[in-house]
Each structure stands twice: as structure tokens, then as C-alpha cells.
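Trainee: Got a structure here, written out as C-alpha cells. Questions coming.
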Amino acid sequence: MTEILDKVTATPAALQLLAEIVADHGPVMFHQSGGCCDGSSPMCYPVGDFLLGDRDVKLGEIGGMPFYISGSQYELWKHTDLIIDVVKGRGGMFSLDNGREQRFLTRSEVCAI
């Protein structure tokens, strides 16, 4: 697994939702989805519930929780910094933000590196 740190940040609203989820479930991790069903939502899982692959890339941490992306998706997004935000709606089917009437959303901005 590769570590490319400081490529992900979170808005205050995302950190608040994350704190609520951690209070309910304990430590969590994020994996940036690239799947068809959940679009490109950041998925939030209890630590250990999502198996990381050898090519997954750790982009950093938000709220002290690790944030990963698949290696193939990182190659497509490596020139962007990810900003995790919150919007109204339902989270991904298996993500811990599901059922809270708000969900995590990934925004991005092009970066120099």
C-alpha cells in the first residue's frame, strides 16, 4: 500500500458528521468509491470491515480517521486534492452515513502536484 499524505481535507460539517459516527461506531476508515451504484461517494466503514488491496493509496486522514482510494482511481485523480463535505441525502448502501439524512460528498480541486 502506498501513502500519499495531505491529499484530503474535510469541511467543518463533515468533521461534525464524522464525530457523530465515531461516537456511535468507534474508529472508522474511509474508502473513496468509484463504483457505479454509489457513484463516487466516500464510503465510511468501521475499521477492519473493509479489506484494503495492495494497490490502495492512503491519501491522509480526516478527523484522525484514515482515508484511502484505489490505486487505479488515484491515477485518474492524482492531480486533485479531495475535500470531504456533507450534503442532505442518503449515504451509500454500506456506508455508516446511510440513514442519517445527510451524506458525505467528495469535492475536488486541481493541485500543482
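The way I read the labels, and the way they are meant: chains A, B, ... in the order of the C-alpha cells, residue 1 as the first residue of every chain, and ligand 1 as the first ligand shown, with later ones counted on from there.
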Which residues, written as a PyMOL selection string, have at least one atom at most 7 Å from region 60-77 of chain A, with only C-alpha atoms counted and residues fewer than 4 positions away on the same chain left out?
Mentor: chain A and resi 4-10+15+28-32+55-56
Trainee: Residues as selected, C-alpha atoms, written as a CSV table (one decimal), in the first residue's frame, can you do that?
Mentor:
chain,number,residue,atom,x,y,z
A,4,ILE,CA,0.4,10.0,-0.3
A,5,LEU,CA,-0.4,12.2,2.6
A,6,ASP,CA,-2.2,15.5,2.8
A,7,LYS,CA,-4.3,15.0,-0.3
A,8,VAL,CA,-7.6,15.0,1.6
A,9,THR,CA,-9.3,17.6,3.9
A,10,ALA,CA,-12.8,17.9,5.4
A,15,LEU,CA,-16.0,16.6,10.7
A,28,VAL,CA,-13.8,4.3,11.2
A,29,MET,CA,-12.0,4.5,7.9
A,30,PHE,CA,-12.9,5.9,4.5
A,31,HIS,CA,-12.5,4.5,1.0
A,32,GLN,CA,-13.2,6.6,-2.0
A,55,ARG,CA,-2.7,-1.1,-4.7
A,56,ASP,CA,-4.9,1.1,-2.4
Trainee: Got a sec to tell me which of region 15-102 of chain A DSSP assigns to strand (DSSP E), as a count of residues only?
Mentor: 31
Trainee: Skip Glu3 (chain A) itself and residues of its chain fewer than 6 positions away, then list as a count of residues only all residues within 7 Å of it, counting only C-alpha atoms.
Mentor: 3
Trainee: For Asp24 (chain A), which of A:Gly89, A:Arg100, A:Met1, A:Lys78 is the closest residue, counting only C-alpha atoms?
Mentor: A:Arg100
Trainee: Could you give me, as a list of chain:residue names, each residue of region 41-80 of chain A that DSSP assigns to helix (DSSP H, G or I) when run on this structure's backbone?
Mentor: A:Gly71, A:Ser72, A:Gln73, A:Tyr74, A:Glu75, A:Leu76, A:Trp77
Trainee: Which residues are near Leu105 (chain A)? Cut-off 10 Å, only C-alpha atoms, ignore same chain within fewer than 5 positions. Put them as a PyMOL selection string.
Mentor: chain A and resi 10+14+32+40-43+82-88+91
Trainee: Please report the interatomic distance between CA of Ala13 (chain A) and CA of Leu51 (chain A) in Å with one decimal.
Mentor: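 CA of Leu51 (chain A) lies 27.2 Å from CA of Ala13 (chain A).
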